[in-house]
Structure formats: structure tokens, C-alpha cells
Amino acid sequence: MENIVKTKFSIKDLESLSGIKAHTIRIWEKRYNLLEPERTTTNIRTYALSDLQKLLNVVFLTENKYKISKIAKHSSSEIATIVARIVSEKSVSNQNHAINSFKIAMMNFDQNLFYKTYNALLEIKSFEEIFYESFLPLLHEIGLLWQTDTINPSHEHFIFNLIKQKILVNIEKMQQRSIRPREDKTFALFLPENEIHELGLLFLNYEIVSHGYKVIYLGQSIMLENLKYLSINHPNLSFVTYFTVQPPKEEIPAYFDTFNTLFGKQNLNLYVLGSMVEYIDEAAIPSNVRVMMSIREFVNIISKIAPQYA
């Protein structure tokens, strides 16, 4: 079995993880000795995890108006200390710093760093703010990193499961509140067949529950035909799904046609979210399919018709 802990990085990896162009990283090395990569026998730069961490801290400082010429005069530990001080004094900066810390936790499989970063954010932000401001941007970056082979599936699964734990904990907190869910509308949440990317759907579960509605959460890889029983027993039902990689874009029209065939006569709605919605031609879809461009758009719709928990 291959070693899943990535300890060596190429300059392209650093570019992908930090957002700093490889050309700029080379200039910083040559002009300021910012990083000291090892070189292979063919003279290719390789970087350690400590180099990545230092670079992410440097990026944070440049975003906070520090000049690279001054930053480079400090050691890695001194740079980390300056970053910690800024974060403690200026909570608005926590967002970028937190995302970088979550990246380091992911790359090093460091569960304690994830919890430490999350708990620090929780002292100044709500769970919803953490999800929208830190987790969503992080998940977007992870998708790009995975596509460029900067990370492998083990990194993705590690961080996804930690975020999933936090969503589940907060769903349970909402469900334990004493207010009874309203019965005039029920949302059934599911992922299409062979779709396993569940975080977006889980957070929708949290948002719907927090707005007072009943949720039937079905989870991953559900065939449309298997939803028929729900429609019989829950007349005030709406379906919600999340397209991340499934169905393939060329099969999406047929998917909607199947849904309309099964549920069109009952006038049941299907709300669709996820990265695949960009391939949907809204002019060509059935009237009972509603495309949401973001989680916030969907939340705005349900918040207009439902009282939130106090």
C-alpha cells in the first residue's frame, strides 16, 4: 500500500495550495531565500510540509499588508507567531487563516489541528457562518486540488468526514429542540444513483430543520423509482437533490423526464443544487424541477415561508 501521507510537494502543488504563482515562488526563493527546497538528481524542486505551512503563513501576512521583503527576514517560527497575533487581534482575518489551517490539517491528516481551528472559529462565529465562510470555500478548493492531483482521495475523505461530523452534531442539536416540526411541508433529501458526495445535502438538512420543517433524509445513491412510496404517504412533499458528479451532464435531461413521469401528476417539486447545475438548460426542464444556483438561494426560499427556531 502506498504511503498516503504526502510529505513532498512540487512547486505546482504549492501553487495550487497557496494560490501564489510558481513564478512568484521562485522569485521569493531567489531574492529573499524564503524557501529552501531540496532538488532531485534532475534539479527539480521538492518541498516539505513545513515549506507549505510557511508559504501559507506568508500569504496570510501579505494579505494583511505585510511586505514580502520584511516577512522574509523572519524565521518560520517567528512568522507563525506574527500570524497567531494578527488572528487574535483581528478576527476578520480568521477566515483566510482558518482555511489555510484546514488545508494543513488535511495534508498532514491532523485531526487535532482541525478541531483546534474549528473551535477557535466557533468562539466568534456561528456554525452557519463557519460553513459558508470557511467550509464552502475550502471544499471548492479541494475540488480543484483533487482535479490537479495535488491531493489524493485519502486527503479528501479525511477532511470531508471531519466536516460531516460537525454538520451531524449541529443537526442533532436542532432536532433536540422542543419545537415540533411543522407538518404542512416535508422535504425528502437524496443523492442520485452512484452519487456519494454528501456534504452539501447534509448541510441542506441542517438548514431545513433549522427553519422548522420536517426532513426525510435518504442519503447517497437513491434511484428515482424508490421515491414513489414517499410520495404516497407524504402528500405535502418536495424533493431536494444535489448533483456533484452524477448524473452525467448528457443524462440530466432524461433524469428530469423520468422524475416528471413519476411525480408530475402529483405536482411534486424537485429542487436541484450542486456543481452540475451549470450544465442544466432551465428553459428545457419540466416546470416541477427548480434549479438552485447555491445553498443560500434555496435557504432564502424556505426562509420566506417558515419561522426559524428561536
# chains A, B, ... in the order shown; residues from 1 in each chain; ligands from 1
$ select_by_dssp --residues "range 100-294 of chain A" --states "alpha helix (DSSP H)" --output "PyMOL selection string"
chain A and resi 100-107+111-122+127-130+136-147+153-175+199-210+228-233+252-263
$ residues_around --residues "Ile302 in chain A" --least-positions-apart "2" --cutoff "12 Å" --atoms "only C-alpha atoms" --output "PyMOL selection string"
chain A and resi 185-187+204+207-213+238+271+295-300+304-308
$ write_last_selection --atoms "N, CA and C atoms" --output "PDB file, in the first residue's frame"
ATOM      1  N   LYS A 185     -45.368  20.982   5.270  1.00  0.00           N
ATOM      2  CA  LYS A 185     -44.416  20.727   4.188  1.00  0.00           C
ATOM      3  C   LYS A 185     -43.325  19.790   4.693  1.00  0.00           C
ATOM      4  N   THR A 186     -43.024  18.783   3.873  1.00  0.00           N
ATOM      5  CA  THR A 186     -41.941  17.850   4.185  1.00  0.00           C
ATOM      6  C   THR A 186     -40.956  17.843   3.032  1.00  0.00           C
ATOM      7  N   PHE A 187     -39.670  17.821   3.363  1.00  0.00           N
ATOM      8  CA  PHE A 187     -38.626  17.759   2.341  1.00  0.00           C
ATOM      9  C   PHE A 187     -37.923  16.403   2.425  1.00  0.00           C
ATOM     10  N   LEU A 204     -27.863  21.078   3.776  1.00  0.00           N
ATOM     11  CA  LEU A 204     -29.255  21.422   3.460  1.00  0.00           C
ATOM     12  C   LEU A 204     -30.199  20.834   4.503  1.00  0.00           C
ATOM     13  N   GLU A 207     -30.098  23.173   7.404  1.00  0.00           N
ATOM     14  CA  GLU A 207     -30.804  24.423   7.147  1.00  0.00           C
ATOM     15  C   GLU A 207     -32.321  24.226   7.159  1.00  0.00           C
ATOM     16  N   ILE A 208     -32.790  23.148   6.573  1.00  0.00           N
ATOM     17  CA  ILE A 208     -34.240  22.909   6.518  1.00  0.00           C
ATOM     18  C   ILE A 208     -34.790  22.655   7.919  1.00  0.00           C
ATOM     19  N   VAL A 209     -34.089  21.848   8.700  1.00  0.00           N
ATOM     20  CA  VAL A 209     -34.506  21.588  10.086  1.00  0.00           C
ATOM     21  C   VAL A 209     -34.509  22.873  10.900  1.00  0.00           C
ATOM     22  N   SER A 210     -33.486  23.712  10.706  1.00  0.00           N
ATOM     23  CA  SER A 210     -33.390  24.947  11.471  1.00  0.00           C
ATOM     24  C   SER A 210     -34.502  25.930  11.117  1.00  0.00           C
ATOM     25  N   HIS A 211     -35.136  25.737   9.965  1.00  0.00           N
ATOM     26  CA  HIS A 211     -36.255  26.584   9.568  1.00  0.00           C
ATOM     27  C   HIS A 211     -37.601  25.966   9.926  1.00  0.00           C
ATOM     28  N   GLY A 212     -37.575  24.892  10.682  1.00  0.00           N
ATOM     29  CA  GLY A 212     -38.809  24.356  11.246  1.00  0.00           C
ATOM     30  C   GLY A 212     -39.522  23.295  10.453  1.00  0.00           C
ATOM     31  N   TYR A 213     -38.934  22.829   9.379  1.00  0.00           N
ATOM     32  CA  TYR A 213     -39.584  21.837   8.548  1.00  0.00           C
ATOM     33  C   TYR A 213     -39.174  20.408   8.915  1.00  0.00           C
ATOM     34  N   SER A 238     -41.772  17.782  -0.986  1.00  0.00           N
ATOM     35  CA  SER A 238     -40.861  18.289  -2.010  1.00  0.00           C
ATOM     36  C   SER A 238     -39.563  17.509  -1.923  1.00  0.00           C
ATOM     37  N   TYR A 271     -36.065  20.180  -6.129  1.00  0.00           N
ATOM     38  CA  TYR A 271     -35.061  21.241  -6.058  1.00  0.00           C
ATOM     39  C   TYR A 271     -33.691  20.611  -6.326  1.00  0.00           C
ATOM     40  N   ILE A 295     -26.717  27.094  -2.184  1.00  0.00           N
ATOM     41  CA  ILE A 295     -27.456  26.738  -0.969  1.00  0.00           C
ATOM     42  C   ILE A 295     -28.192  27.950  -0.431  1.00  0.00           C
ATOM     43  N   ARG A 296     -27.545  29.116  -0.491  1.00  0.00           N
ATOM     44  CA  ARG A 296     -28.186  30.339   0.012  1.00  0.00           C
ATOM     45  C   ARG A 296     -29.481  30.654  -0.739  1.00  0.00           C
ATOM     46  N   GLU A 297     -29.499  30.411  -2.040  1.00  0.00           N
ATOM     47  CA  GLU A 297     -30.719  30.670  -2.806  1.00  0.00           C
ATOM     48  C   GLU A 297     -31.852  29.791  -2.309  1.00  0.00           C
ATOM     49  N   PHE A 298     -31.557  28.522  -2.075  1.00  0.00           N
ATOM     50  CA  PHE A 298     -32.582  27.618  -1.564  1.00  0.00           C
ATOM     51  C   PHE A 298     -33.035  28.039  -0.167  1.00  0.00           C
ATOM     52  N   VAL A 299     -32.094  28.393   0.682  1.00  0.00           N
ATOM     53  CA  VAL A 299     -32.426  28.816   2.044  1.00  0.00           C
ATOM     54  C   VAL A 299     -33.282  30.074   2.027  1.00  0.00           C
ATOM     55  N   ASN A 300     -32.987  30.992   1.116  1.00  0.00           N
ATOM     56  CA  ASN A 300     -33.796  32.206   1.009  1.00  0.00           C
ATOM     57  C   ASN A 300     -35.247  31.880   0.674  1.00  0.00           C
ATOM     58  N   LYS A 304     -38.566  32.405   3.635  1.00  0.00           N
ATOM     59  CA  LYS A 304     -39.685  33.326   3.414  1.00  0.00           C
ATOM     60  C   LYS A 304     -41.016  32.745   3.860  1.00  0.00           C
ATOM     61  N   ILE A 305     -41.050  31.417   4.010  1.00  0.00           N
ATOM     62  CA  ILE A 305     -42.333  30.783   4.312  1.00  0.00           C
ATOM     63  C   ILE A 305     -42.329  29.983   5.595  1.00  0.00           C
ATOM     64  N   ALA A 306     -41.197  30.039   6.331  1.00  0.00           N
ATOM     65  CA  ALA A 306     -41.131  29.243   7.555  1.00  0.00           C
ATOM     66  C   ALA A 306     -40.483  30.033   8.678  1.00  0.00           C
ATOM     67  N   PRO A 307     -41.049  29.981   9.894  1.00  0.00           N
ATOM     68  CA  PRO A 307     -40.419  30.630  11.038  1.00  0.00           C
ATOM     69  C   PRO A 307     -39.208  29.826  11.517  1.00  0.00           C
ATOM     70  N   GLN A 308     -38.098  30.501  11.802  1.00  0.00           N
ATOM     71  CA  GLN A 308     -36.939  29.807  12.334  1.00  0.00           C
ATOM     72  C   GLN A 308     -37.151  29.481  13.803  1.00  0.00           C
TER      73      GLN A 308
END
$ residues_around --residues "range 165-169 of chain A" --least-positions-apart "2" --cutoff "9 Å" --atoms "only C-alpha atoms" --output "PyMOL selection string"
chain A and resi 127+131+160-163+171-174+199+202-203+206
$ write_last_selection --atoms "all heavy atoms" --output "compact mmCIF listing (two decimals), in the first residue's frame"
# COMPACT_ATOMS: atom_id res chain seq x y z
N PHE A 127 -22.17 28.38 13.64
CA PHE A 127 -21.87 27.24 12.78
C PHE A 127 -22.19 27.57 11.32
O PHE A 127 -21.43 27.20 10.41
CB PHE A 127 -22.67 26.01 13.22
CG PHE A 127 -22.60 24.87 12.23
CD1 PHE A 127 -21.40 24.20 12.03
CD2 PHE A 127 -23.71 24.50 11.49
CE1 PHE A 127 -21.32 23.15 11.11
CE2 PHE A 127 -23.64 23.46 10.58
CZ PHE A 127 -22.44 22.80 10.39
N PHE A 131 -19.60 27.43 8.12
CA PHE A 131 -19.82 26.61 6.92
C PHE A 131 -19.73 27.46 5.66
O PHE A 131 -19.01 27.09 4.71
CB PHE A 131 -21.19 25.92 6.99
CG PHE A 131 -21.39 24.93 5.86
CD1 PHE A 131 -20.97 23.62 5.99
CD2 PHE A 131 -21.97 25.31 4.66
CE1 PHE A 131 -21.13 22.70 4.96
CE2 PHE A 131 -22.13 24.41 3.62
CZ PHE A 131 -21.71 23.11 3.77
N PHE A 160 -13.43 15.59 4.55
CA PHE A 160 -14.88 15.51 4.38
C PHE A 160 -15.55 14.89 5.59
O PHE A 160 -16.59 15.36 6.05
CB PHE A 160 -15.23 14.68 3.13
CG PHE A 160 -15.15 15.45 1.84
CD1 PHE A 160 -14.43 16.63 1.76
CD2 PHE A 160 -15.79 15.00 0.71
CE1 PHE A 160 -14.34 17.36 0.57
CE2 PHE A 160 -15.71 15.71 -0.49
CZ PHE A 160 -14.99 16.88 -0.55
N ASN A 161 -14.95 13.83 6.13
CA ASN A 161 -15.56 13.15 7.27
C ASN A 161 -15.51 14.00 8.54
O ASN A 161 -16.43 13.95 9.36
CB ASN A 161 -14.89 11.80 7.51
CG ASN A 161 -15.42 10.73 6.57
OD1 ASN A 161 -16.62 10.56 6.44
ND2 ASN A 161 -14.52 10.01 5.92
N LEU A 162 -14.47 14.81 8.70
CA LEU A 162 -14.43 15.72 9.84
C LEU A 162 -15.50 16.80 9.73
O LEU A 162 -16.17 17.13 10.72
CB LEU A 162 -13.04 16.36 9.95
CG LEU A 162 -11.91 15.42 10.39
CD1 LEU A 162 -10.57 16.14 10.32
CD2 LEU A 162 -12.15 14.91 11.81
N ILE A 163 -15.68 17.34 8.54
CA ILE A 163 -16.73 18.34 8.33
C ILE A 163 -18.11 17.69 8.52
O ILE A 163 -19.01 18.28 9.12
CB ILE A 163 -16.61 18.98 6.94
CG1 ILE A 163 -15.29 19.78 6.85
CG2 ILE A 163 -17.79 19.90 6.66
CD1 ILE A 163 -15.00 20.31 5.46
N ILE A 171 -27.02 19.21 13.34
CA ILE A 171 -28.36 18.74 13.00
C ILE A 171 -29.03 18.17 14.24
O ILE A 171 -30.20 18.47 14.54
CB ILE A 171 -28.30 17.67 11.89
CG1 ILE A 171 -27.90 18.31 10.57
CG2 ILE A 171 -29.67 16.98 11.74
CD1 ILE A 171 -27.65 17.29 9.46
N GLU A 172 -28.30 17.37 14.99
CA GLU A 172 -28.85 16.76 16.20
C GLU A 172 -29.25 17.82 17.22
O GLU A 172 -30.30 17.71 17.87
CB GLU A 172 -27.84 15.80 16.81
CG GLU A 172 -28.39 15.03 18.00
CD GLU A 172 -27.42 13.98 18.53
OE1 GLU A 172 -26.29 13.90 18.02
OE2 GLU A 172 -27.80 13.24 19.45
N LYS A 173 -28.44 18.86 17.35
CA LYS A 173 -28.78 19.95 18.27
C LYS A 173 -30.11 20.59 17.89
O LYS A 173 -30.95 20.88 18.74
CB LYS A 173 -27.67 21.00 18.28
CG LYS A 173 -26.41 20.58 18.99
CD LYS A 173 -25.37 21.70 18.92
CE LYS A 173 -24.08 21.29 19.62
NZ LYS A 173 -23.04 22.36 19.52
N MET A 174 -30.29 20.81 16.59
CA MET A 174 -31.54 21.40 16.13
C MET A 174 -32.73 20.47 16.38
O MET A 174 -33.80 20.89 16.81
CB MET A 174 -31.45 21.72 14.64
CG MET A 174 -30.69 22.99 14.31
SD MET A 174 -31.57 24.43 14.94
CE MET A 174 -30.36 25.71 14.58
N LEU A 199 -21.84 16.14 1.54
CA LEU A 199 -21.75 17.26 2.47
C LEU A 199 -22.77 18.36 2.17
O LEU A 199 -23.38 18.92 3.09
CB LEU A 199 -20.34 17.84 2.47
CG LEU A 199 -19.25 16.99 3.12
CD1 LEU A 199 -17.93 17.75 3.15
CD2 LEU A 199 -19.64 16.56 4.52
N LEU A 202 -26.16 17.24 3.32
CA LEU A 202 -26.23 17.23 4.78
C LEU A 202 -26.44 18.63 5.34
O LEU A 202 -27.23 18.83 6.27
CB LEU A 202 -24.95 16.63 5.37
CG LEU A 202 -24.90 15.12 5.55
CD1 LEU A 202 -23.52 14.69 6.02
CD2 LEU A 202 -25.96 14.65 6.54
N PHE A 203 -25.74 19.60 4.77
CA PHE A 203 -25.93 20.96 5.26
C PHE A 203 -27.33 21.47 4.92
O PHE A 203 -27.93 22.23 5.71
CB PHE A 203 -24.87 21.90 4.71
CG PHE A 203 -24.92 23.27 5.34
CD1 PHE A 203 -24.48 23.44 6.65
CD2 PHE A 203 -25.43 24.35 4.65
CE1 PHE A 203 -24.56 24.68 7.25
CE2 PHE A 203 -25.50 25.60 5.25
CZ PHE A 203 -25.07 25.77 6.55
N TYR A 206 -29.50 20.38 7.62
CA TYR A 206 -29.39 21.28 8.77
C TYR A 206 -30.22 22.55 8.57
O TYR A 206 -30.97 22.97 9.46
CB TYR A 206 -27.92 21.65 9.00
CG TYR A 206 -27.73 22.78 9.98
CD1 TYR A 206 -27.73 22.54 11.35
CD2 TYR A 206 -27.58 24.10 9.53
CE1 TYR A 206 -27.59 23.58 12.25
CE2 TYR A 206 -27.44 25.15 10.42
CZ TYR A 206 -27.44 24.89 11.78
OH TYR A 206 -27.32 25.91 12.67
$ residues_around --residues "His157 in chain A" --least-positions-apart "5" --cutoff "12 Å" --atoms "only C-alpha atoms" --output "PyMOL selection string"
chain A and resi 4+106-107+109+139+142-143+146+151-152+162-164+196-199
$ write_last_selection --atoms "C-alpha atoms" --output "mmCIF file, in the first residue's frame"
data_model
loop_
_atom_site.group_PDB
_atom_site.id
_atom_site.type_symbol
_atom_site.label_atom_id
_atom_site.label_comp_id
_atom_site.auth_asym_id
_atom_site.auth_seq_id
_atom_site.Cartn_x
_atom_site.Cartn_y
_atom_site.Cartn_z
ATOM 1 C CA ILE A 4 -0.937 8.196 1.842
ATOM 2 C CA MET A 106 -5.864 17.814 5.601
ATOM 3 C CA MET A 107 -2.394 17.418 4.117
ATOM 4 C CA PHE A 109 -4.032 14.118 8.466
ATOM 5 C CA LEU A 139 -14.497 22.417 -0.343
ATOM 6 C CA ILE A 142 -10.353 20.802 -2.517
ATOM 7 C CA GLY A 143 -12.264 20.039 -5.714
ATOM 8 C CA TRP A 146 -8.166 16.887 -6.499
ATOM 9 C CA ILE A 151 -4.189 15.746 -3.214
ATOM 10 C CA ASN A 152 -5.416 12.185 -3.407
ATOM 11 C CA LEU A 162 -14.426 15.718 9.844
ATOM 12 C CA ILE A 163 -16.732 18.344 8.333
ATOM 13 C CA LYS A 164 -19.518 15.752 8.158
ATOM 14 C CA ILE A 196 -21.686 9.814 -2.919
ATOM 15 C CA HIS A 197 -20.690 13.459 -2.285
ATOM 16 C CA GLU A 198 -22.949 14.124 0.664
ATOM 17 C CA LEU A 199 -21.752 17.262 2.470
#
$ select_by_dssp --residues "range 24-75 of chain A" --states "strand (DSSP E or B)" --output "list in words"
Glu38, Arg39, Arg45, Thr46, Tyr47 and Ala48 of chain A
$ closest_residue --among "A:Ser221, A:Asn269, A:Asn100, A:Ile86" --to "Leu237 in chain A" --atoms "only C-alpha atoms"
A:Asn269
$ closest_residue --among "A:Arg39, A:Val58, A:Lys12, A:Ile44" --to "Glu78 in chain A" --atoms "only C-alpha atoms"
A:Val58
$ decode --residues "range 193-204 of chain A" --atoms "C-alpha atoms" --output "compact mmCIF listing (two decimals), in the first residue's frame"
# COMPACT_ATOMS: atom_id res chain seq x y z
CA GLU A 193 -27.78 6.90 -8.09
CA ASN A 194 -23.96 6.49 -7.81
CA GLU A 195 -23.58 9.95 -6.24
CA ILE A 196 -21.69 9.81 -2.92
CA HIS A 197 -20.69 13.46 -2.28
CA GLU A 198 -22.95 14.12 0.66
CA LEU A 199 -21.75 17.26 2.47
CA GLY A 200 -23.89 19.75 0.56
CA LEU A 201 -27.02 17.65 1.08
CA LEU A 202 -26.23 17.23 4.78
CA PHE A 203 -25.93 20.96 5.26
CA LEU A 204 -29.26 21.42 3.46
